[in-house]
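Asks: What follows is work-v7.cif; its format and atoms are mmCIF, C-alpha atoms.
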```cif
data_data
loop_
_atom_site.group_PDB
_atom_site.id
_atom_site.type_symbol
_atom_site.label_atom_id
_atom_site.label_comp_id
_atom_site.auth_asym_id
_atom_site.auth_seq_id
_atom_site.Cartn_x
_atom_site.Cartn_y
_atom_site.Cartn_z
ATOM 1 C CA MET V 29 23.412 24.595 -32.124
ATOM 2 C CA SER V 30 26.732 23.015 -31.141
ATOM 3 C CA GLU V 31 28.576 24.418 -28.124
ATOM 4 C CA LYS V 32 32.005 23.504 -29.556
ATOM 5 C CA GLY V 33 31.762 25.057 -33.028
ATOM 6 C CA GLU V 34 33.509 28.302 -33.889
ATOM 7 C CA VAL V 35 31.336 31.247 -34.897
ATOM 8 C CA ASP V 36 32.028 33.059 -38.168
ATOM 9 C CA LEU V 37 31.063 36.709 -37.607
ATOM 10 C CA THR V 38 31.442 37.806 -41.238
ATOM 11 C CA GLY V 39 27.729 38.711 -41.375
ATOM 12 C CA ALA V 40 28.130 40.988 -38.349
ATOM 13 C CA LYS V 41 31.157 42.716 -39.833
ATOM 14 C CA GLN V 42 29.298 43.382 -43.065
ATOM 15 C CA ASN V 43 26.230 44.563 -41.127
ATOM 16 C CA THR V 44 24.004 42.220 -43.163
ATOM 17 C CA GLY V 45 20.291 42.802 -42.593
ATOM 18 C CA VAL V 46 17.758 39.955 -42.931
ATOM 19 C CA TRP V 47 13.956 39.641 -42.720
ATOM 20 C CA LEU V 48 12.199 37.317 -40.285
ATOM 21 C CA VAL V 49 8.962 36.184 -41.967
ATOM 22 C CA LYS V 50 6.241 33.899 -40.594
ATOM 23 C CA VAL V 51 4.623 31.767 -43.324
ATOM 24 C CA PRO V 52 1.631 29.362 -43.309
ATOM 25 C CA LYS V 53 2.473 25.695 -42.702
ATOM 26 C CA TYR V 54 1.138 24.563 -46.083
ATOM 27 C CA LEU V 55 3.372 27.105 -47.840
ATOM 28 C CA SER V 56 6.567 25.813 -46.217
ATOM 29 C CA GLN V 57 5.481 22.261 -47.110
ATOM 30 C CA GLN V 58 5.036 23.256 -50.753
ATOM 31 C CA TRP V 59 8.468 24.934 -50.795
ATOM 32 C CA ALA V 60 10.014 21.677 -49.593
ATOM 33 C CA LYS V 61 8.693 19.978 -52.753
ATOM 34 C CA ALA V 62 10.756 22.230 -55.022
ATOM 35 C CA SER V 63 13.486 20.305 -56.826
ATOM 36 C CA GLY V 64 17.122 21.297 -56.279
ATOM 37 C CA ARG V 65 17.634 25.042 -56.025
ATOM 38 C CA GLY V 66 14.630 25.747 -58.197
ATOM 39 C CA GLU V 67 12.517 28.884 -57.963
ATOM 40 C CA VAL V 68 9.583 28.596 -55.525
ATOM 41 C CA GLY V 69 7.982 31.942 -56.310
ATOM 42 C CA LYS V 70 8.473 35.668 -56.709
ATOM 43 C CA LEU V 71 8.716 38.387 -54.068
ATOM 44 C CA ARG V 72 7.383 41.800 -55.092
ATOM 45 C CA ILE V 73 8.223 44.996 -53.184
ATOM 46 C CA CYS V 74 6.415 48.130 -54.325
ATOM 47 C CA LYS V 75 6.768 51.521 -52.641
ATOM 48 C CA LYS V 76 4.174 54.221 -53.390
ATOM 49 C CA GLY V 77 5.575 57.717 -53.039
ATOM 50 C CA ASN V 78 8.400 58.888 -50.810
ATOM 51 C CA GLN V 79 6.506 58.606 -47.514
ATOM 52 C CA GLY V 80 4.371 55.538 -48.146
ATOM 53 C CA LYS V 81 5.167 52.153 -46.648
ATOM 54 C CA PRO V 82 6.313 49.479 -49.101
ATOM 55 C CA GLU V 83 3.736 46.897 -50.172
ATOM 56 C CA VAL V 84 5.243 43.420 -50.163
ATOM 57 C CA SER V 85 3.706 40.258 -51.587
ATOM 58 C CA PHE V 86 4.816 36.736 -52.509
ATOM 59 C CA THR V 87 3.474 34.759 -55.465
ATOM 60 C CA LEU V 88 3.860 30.971 -55.334
ATOM 61 C CA ASN V 89 4.972 29.218 -58.521
ATOM 62 C CA GLU V 90 2.046 27.536 -60.244
ATOM 63 C CA GLU V 91 3.697 24.085 -60.314
ATOM 64 C CA LEU V 92 3.871 24.125 -56.486
ATOM 65 C CA THR V 93 0.173 24.892 -55.905
ATOM 66 C CA VAL V 94 -1.069 21.283 -55.980
ATOM 67 C CA ILE V 95 -1.734 19.934 -52.460
ATOM 68 C CA GLU V 96 -2.484 16.229 -52.155
ATOM 69 C CA GLY V 97 -3.630 14.023 -49.308
ATOM 70 C CA ILE V 98 -6.362 16.155 -47.682
ATOM 71 C CA GLU V 99 -9.581 14.134 -47.481
ATOM 72 C CA ASP V 100 -8.077 12.008 -50.301
ATOM 73 C CA LYS V 101 -8.595 14.992 -52.580
ATOM 74 C CA THR V 102 -6.328 17.268 -54.574
ATOM 75 C CA VAL V 103 -6.724 21.010 -53.974
ATOM 76 C CA SER V 104 -4.886 24.107 -55.135
ATOM 77 C CA ALA V 105 -2.954 26.259 -52.699
ATOM 78 C CA PRO V 106 -3.443 30.042 -52.959
ATOM 79 C CA ARG V 107 -0.783 31.713 -55.087
ATOM 80 C CA ASP V 108 -0.947 35.304 -53.812
ATOM 81 C CA HIS V 109 0.336 36.071 -50.314
ATOM 82 C CA PRO V 110 0.450 39.735 -49.180
ATOM 83 C CA PHE V 111 2.817 40.584 -46.312
ATOM 84 C CA THR V 112 1.796 42.262 -43.055
ATOM 85 C CA MET V 113 4.851 44.272 -42.014
ATOM 86 C CA GLN V 114 5.862 44.429 -38.339
ATOM 87 C CA SER V 115 8.599 46.225 -36.430
ATOM 88 C CA VAL V 116 11.407 44.395 -34.651
ATOM 89 C CA GLY V 117 10.210 46.074 -31.469
ATOM 90 C CA GLY V 118 13.547 46.926 -29.899
ATOM 91 C CA GLN V 119 14.672 43.283 -29.895
ATOM 92 C CA THR V 120 18.031 42.120 -31.169
ATOM 93 C CA LEU V 121 17.466 39.038 -33.324
ATOM 94 C CA ALA V 122 20.001 37.244 -35.487
ATOM 95 C CA VAL V 123 20.075 34.343 -37.969
ATOM 96 C CA PHE V 124 22.750 31.623 -37.669
ATOM 97 C CA THR V 125 23.566 28.642 -39.874
ATOM 98 C CA GLU V 126 25.395 25.455 -38.935
ATOM 99 C CA THR V 127 27.243 23.108 -41.286
ATOM 100 C CA SER V 128 27.734 19.356 -40.902
ATOM 101 C CA SER V 129 31.244 20.097 -39.638
ATOM 102 C CA ASP V 130 29.803 22.084 -36.707
ATOM 103 C CA LYS V 131 30.903 25.394 -38.192
ATOM 104 C CA ILE V 132 28.542 28.187 -37.147
ATOM 105 C CA ALA V 133 28.112 31.394 -39.127
ATOM 106 C CA LEU V 134 26.184 34.567 -38.428
ATOM 107 C CA GLU V 135 24.150 35.246 -41.550
ATOM 108 C CA GLY V 136 22.787 38.600 -40.437
ATOM 109 C CA VAL V 137 20.785 40.666 -37.977
ATOM 110 C CA VAL V 138 16.976 40.846 -38.244
ATOM 111 C CA VAL V 139 15.968 44.324 -39.417
ATOM 112 C CA GLN V 140 12.364 43.603 -40.387
ATOM 113 C CA ARG V 141 9.629 41.220 -39.238
ATOM 114 C CA ALA V 142 6.629 40.271 -41.349
ATOM 115 C CA GLU V 143 3.784 37.784 -41.659
ATOM 116 C CA CYS V 144 3.021 36.181 -45.011
ATOM 117 C CA ARG V 145 -0.744 35.594 -45.292
ATOM 118 C CA PRO V 146 -2.737 34.063 -48.139
ATOM 119 C CA ALA V 147 -5.150 36.266 -50.034
ATOM 120 C CA VAL V 148 -8.697 35.274 -49.064
ATOM 121 C CA ASN V 149 -10.296 33.769 -52.150
ATOM 122 C CA GLU V 150 -12.304 30.698 -53.134
ATOM 123 C CA SER V 151 -9.177 28.541 -53.409
ATOM 124 C CA TYR V 152 -8.104 29.414 -49.862
ATOM 125 C CA MET V 153 -11.607 28.921 -48.400
ATOM 126 C CA LYS V 154 -11.835 25.460 -49.993
ATOM 127 C CA LEU V 155 -8.442 24.533 -48.523
ATOM 128 C CA LYS V 156 -9.465 25.688 -45.027
ATOM 129 C CA ARG V 157 -12.768 23.797 -45.160
ATOM 130 C CA LEU V 158 -10.998 20.567 -46.102
ATOM 131 C CA GLN V 159 -8.455 21.107 -43.309
ATOM 132 C CA ILE V 160 -11.286 21.567 -40.783
ATOM 133 C CA GLU V 161 -13.016 18.404 -42.026
ATOM 134 C CA GLU V 162 -9.746 16.469 -41.746
ATOM 135 C CA SER V 163 -9.042 17.686 -38.198
ATOM 136 C CA SER V 164 -12.580 16.889 -36.996
ATOM 137 C CA LYS V 165 -12.471 13.254 -38.152
ATOM 138 C CA PRO V 166 -12.762 10.802 -35.224
ATOM 139 C CA THR V 167 -9.915 8.394 -34.624
ATOM 140 C CA ARG V 168 -11.009 4.991 -35.854
ATOM 141 C CA LEU V 169 -10.034 1.962 -33.801
ATOM 142 C CA SER V 170 -10.405 -1.711 -34.665
ATOM 143 C CA LYS V 171 -10.668 -4.498 -32.105
ATOM 144 C CA GLN V 172 -10.373 -8.206 -32.722
ATOM 145 C CA LEU V 173 -13.036 -10.303 -30.970
ATOM 146 C CA LYS V 174 -11.829 -13.459 -29.274
ATOM 147 C CA ASN V 175 -15.218 -15.127 -29.320
ATOM 148 C CA ALA V 176 -17.993 -14.962 -31.856
ATOM 149 C CA VAL V 177 -21.091 -13.033 -30.842
ATOM 150 C CA THR V 178 -23.885 -15.555 -30.392
ATOM 151 C CA ASN V 179 -26.510 -13.507 -28.570
ATOM 152 C CA ASN V 180 -29.914 -13.412 -30.200
ATOM 153 C CA TYR V 181 -31.600 -10.028 -30.001
ATOM 154 C CA LYS V 182 -35.328 -9.578 -30.174
ATOM 155 C CA PRO V 183 -36.690 -6.612 -32.125
ATOM 156 C CA VAL V 184 -38.024 -3.747 -30.016
ATOM 157 C CA ALA V 185 -40.544 -1.068 -30.872
ATOM 158 C CA ASN V 186 -38.229 1.798 -29.932
ATOM 159 C CA HIS V 187 -34.539 1.555 -29.118
ATOM 160 C CA GLU V 188 -33.023 3.318 -26.110
ATOM 161 C CA TYR V 189 -30.917 5.673 -28.227
ATOM 162 C CA ASN V 190 -34.068 6.748 -30.111
ATOM 163 C CA ARG V 191 -35.777 7.604 -26.833
ATOM 164 C CA GLU V 192 -32.693 9.503 -25.684
ATOM 165 C CA TYR V 193 -32.625 11.436 -28.956
ATOM 166 C CA GLU V 194 -36.276 12.408 -28.583
ATOM 167 C CA ARG V 195 -35.691 13.478 -24.968
ATOM 168 C CA LYS V 196 -32.790 15.743 -25.995
ATOM 169 C CA LYS V 197 -34.890 17.263 -28.767
ATOM 170 C CA LYS V 198 -37.546 18.272 -26.238
ATOM 171 C CA GLU V 199 -35.004 19.618 -23.745
ATOM 172 C CA GLU V 200 -33.223 21.720 -26.342
ATOM 173 C CA GLY V 201 -36.349 23.014 -28.023
ATOM 174 C CA LYS V 202 -36.213 20.475 -30.828
ATOM 175 C CA ARG V 203 -32.639 21.469 -31.625
ATOM 176 C CA ALA V 204 -30.665 18.277 -32.279
ATOM 177 C CA ARG V 205 -27.001 18.518 -33.205
ATOM 178 C CA ALA V 206 -26.395 18.574 -36.931
ATOM 179 C CA ASP V 207 -23.192 17.419 -38.611
ATOM 180 C CA LYS V 208 -20.334 19.854 -37.906
ATOM 181 C CA GLN V 209 -19.682 20.501 -41.591
ATOM 182 C CA GLN V 210 -23.355 21.387 -42.153
ATOM 183 C CA VAL V 211 -23.180 23.897 -39.298
ATOM 184 C CA LEU V 212 -19.947 25.378 -40.723
ATOM 185 C CA ASP V 213 -21.596 25.815 -44.120
ATOM 186 C CA MET V 214 -24.552 27.627 -42.507
ATOM 187 C CA LEU V 215 -22.223 29.892 -40.501
ATOM 188 C CA PHE V 216 -20.014 30.774 -43.489
ATOM 189 C CA SER V 217 -23.142 31.530 -45.522
ATOM 190 C CA ALA V 218 -24.479 33.813 -42.762
ATOM 191 C CA PHE V 219 -21.204 35.710 -42.367
ATOM 192 C CA GLU V 220 -21.123 36.375 -46.108
ATOM 193 C CA LYS V 221 -24.205 38.583 -45.521
ATOM 194 C CA HIS V 222 -23.177 40.320 -42.296
ATOM 195 C CA GLN V 223 -19.892 40.735 -40.438
ATOM 196 C CA TYR V 224 -21.240 40.617 -36.865
ATOM 197 C CA TYR V 225 -23.837 38.380 -35.168
ATOM 198 C CA ASN V 226 -24.893 37.810 -31.590
ATOM 199 C CA VAL V 227 -25.188 34.196 -30.530
ATOM 200 C CA LYS V 228 -29.002 34.330 -30.341
ATOM 201 C CA ASP V 229 -29.249 35.207 -34.031
ATOM 202 C CA LEU V 230 -26.808 32.426 -34.944
ATOM 203 C CA VAL V 231 -28.860 29.937 -32.910
ATOM 204 C CA ASP V 232 -31.981 31.009 -34.859
ATOM 205 C CA ILE V 233 -30.119 30.616 -38.170
ATOM 206 C CA THR V 234 -28.490 27.248 -37.495
ATOM 207 C CA LYS V 235 -31.152 25.739 -35.172
ATOM 208 C CA GLN V 236 -28.328 24.306 -33.043
ATOM 209 C CA PRO V 237 -27.882 24.022 -29.252
ATOM 210 C CA VAL V 238 -26.002 27.017 -27.826
ATOM 211 C CA ILE V 239 -23.175 24.986 -26.258
ATOM 212 C CA TYR V 240 -22.527 23.002 -29.447
ATOM 213 C CA LEU V 241 -22.696 26.147 -31.584
ATOM 214 C CA LYS V 242 -20.168 27.986 -29.389
ATOM 215 C CA GLU V 243 -17.732 25.054 -29.674
ATOM 216 C CA ILE V 244 -17.758 25.432 -33.459
ATOM 217 C CA LEU V 245 -17.626 29.250 -33.331
ATOM 218 C CA ARG V 246 -14.429 29.130 -31.243
ATOM 219 C CA ASP V 247 -12.692 27.324 -34.158
ATOM 220 C CA ILE V 248 -13.567 29.909 -36.801
ATOM 221 C CA GLY V 249 -14.644 33.066 -34.977
ATOM 222 C CA ILE V 250 -13.702 35.837 -32.570
ATOM 223 C CA TYR V 251 -15.961 36.977 -29.717
ATOM 224 C CA ASN V 252 -15.894 40.754 -29.200
ATOM 225 C CA VAL V 253 -15.940 41.624 -25.494
ATOM 226 C CA LYS V 254 -15.740 45.396 -25.924
ATOM 227 C CA GLY V 255 -16.114 48.199 -28.439
ATOM 228 C CA THR V 256 -18.929 49.069 -30.817
ATOM 229 C CA HIS V 257 -19.721 45.411 -31.551
ATOM 230 C CA LYS V 258 -19.541 44.163 -27.957
ATOM 231 C CA ASN V 259 -21.026 40.691 -27.292
ATOM 232 C CA THR V 260 -21.011 39.708 -30.964
ATOM 233 C CA TRP V 261 -19.162 37.105 -33.038
ATOM 234 C CA GLU V 262 -17.184 37.672 -36.247
ATOM 235 C CA LEU V 263 -15.005 35.417 -38.390
ATOM 236 C CA LYS V 264 -11.270 35.117 -37.789
ATOM 237 C CA PRO V 265 -9.242 37.070 -40.413
ATOM 238 C CA GLU V 266 -8.256 33.929 -42.315
ATOM 239 C CA TYR V 267 -11.929 33.016 -42.974
ATOM 240 C CA ARG V 268 -13.215 36.435 -44.034
ATOM 241 C CA HIS V 269 -14.363 36.985 -47.620
ATOM 242 C CA TYR V 270 -14.603 40.715 -46.887
ATOM 243 C CA GLN V 271 -11.037 41.157 -45.586
ATOM 244 C CA SER V 272 -9.767 42.823 -48.745
ATOM 245 C CA GLU V 273 -12.657 45.302 -48.827
ATOM 246 C CA GLU V 274 -11.986 46.431 -45.254
ATOM 247 C CA LYS V 275 -8.363 47.187 -46.088
ATOM 248 C CA ILE V 276 -9.399 49.315 -49.043
ATOM 249 C CA ASP V 277 -11.846 51.303 -46.878
ATOM 250 C CA ASP V 278 -9.079 52.066 -44.395
#
```
For this file, produce the structure as structure tokens.
Replies:
Amino acid sequence: MSEKGEVDLTGAKQNTGVWLVKVPKYLSQQWAKASGRGEVGKLRICKKGNQGKPEVSFTLNEELTVIEGIEDKTVSAPRDHPFTMQSVGGQTLAVFTETSSDKIALEGVVVQRAECRPAVNESYMKLKRLQIEESSKPTRLSKQLKNAVTNNYKPVANHEYNREYERKKKEEGKRARADKQQVLDMLFSAFEKHQYYNVKDLVDITKQPVIYLKEILRDIGIYNVKGTHKNTWELKPEYRHYQSEEKIDD
């Protein structure tokens, strides 16, 4: 924001209230693809009864659901996004805009905070899996050799890396590291059956070393350190198939 520009306080005089909403990164990227001032979706606010809190949700336009470039594949973004409403918490927050001529205007004061989350469905789970695969890809480097390799190698009965692999298998109780995506598939499948697992049960299910398994669990899970399910793992909210059912029970 420029230090020299004059501030237009029209929004303050009119006591304009605005919402501060946190949205997923992919959703803001899809909005940016909208042409001109076109419609990006619909916001629905429904209030049940006089005392009930309003239920707010956003539905993305169907033509903006196509996401390209992940794993060289085309996937569909979730359309339904329920809001989790939050209080301002005694803070004074405001929204300003700035023009190319350095003119600053107060658009309004934040009266409501919210988080826009995707509904957990098959489309969302597929998107998250592809994002995890993309982020776990190793960086590939190429190096130009100045001289041609002329060494002649004699065949050996057992290569060093084979012996190292066998040694690790014995040390870890015949648990060699599987591909990360295979482990993720096994974990997601297990958590579809039960919400909570201790690490010993997950080791038995995946047949993976404890240290390697915990590295993967930290990406997708939460470790409970207290409460009824102390010392157990559960999926983060964005990976849960059963999220909707829990809300209904409440």
Asks: Could you tell me, as a PyMOL selection string, exactly which residues end up selected when the PyMOL selection byres ((chain V and resi 106) around 12) is applied to this structure?
Replies: chain V and resi 52+54-55+58+86-95+103-105+107-110+144-156
Asks: To test the calculation: enclose all listed atoms of stretch 113-125 of chain V in a box whose edges run along x, y and z, add 5 Å on each side, then state centre and edge lengths in Å to one decimal, as JSON.
Replies:
```
{"center_x": 14.2, "center_y": 37.8, "center_z": -36.0, "size_x": 28.7, "size_y": 28.3, "size_z": 22.1}
```
Asks: Starting from the shown file, work through the PyMOL selection byres ((chain V and resi 242) around 12) and note down what comes out as a ChimeraX atom specification.
Replies: /V:208,211-212,215,226-228,230-231,234,236-241,243-251,260-261
Asks: Report the distance between atom CA of V:Gly69 and atom CA of V:Ser85 in Å, rounded to one decimal place.
Replies: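 Atom CA of V:Ser85 lies at a distance of 10.5 Å from atom CA of V:Gly69.
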Asks: Would you pick out the contacts of V:Gly118 at 12 Å or less, using all atoms listed in the file, so that residues sharing its chain but fewer than 3 positions from it are not included, and give the list as a CSV table (one decimal) with C-alpha atoms, in the frame of the given file?
Replies:
```csv
chain,number,residue,atom,x,y,z
V,114,GLN,CA,5.9,44.4,-38.3
V,115,SER,CA,8.6,46.2,-36.4
V,121,LEU,CA,17.5,39.0,-33.3
V,138,VAL,CA,17.0,40.8,-38.2
V,139,VAL,CA,16.0,44.3,-39.4
V,140,GLN,CA,12.4,43.6,-40.4
V,141,ARG,CA,9.6,41.2,-39.2
```
Asks: From the set V:Val51, V:Leu158, V:Lys61, V:Lys254, which residue has the shortest atom-to-atom contact distance to V:Asp213, counting all atoms listed in the file?
Replies: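 For V:Asp213, the nearest of the candidates is V:Leu158.
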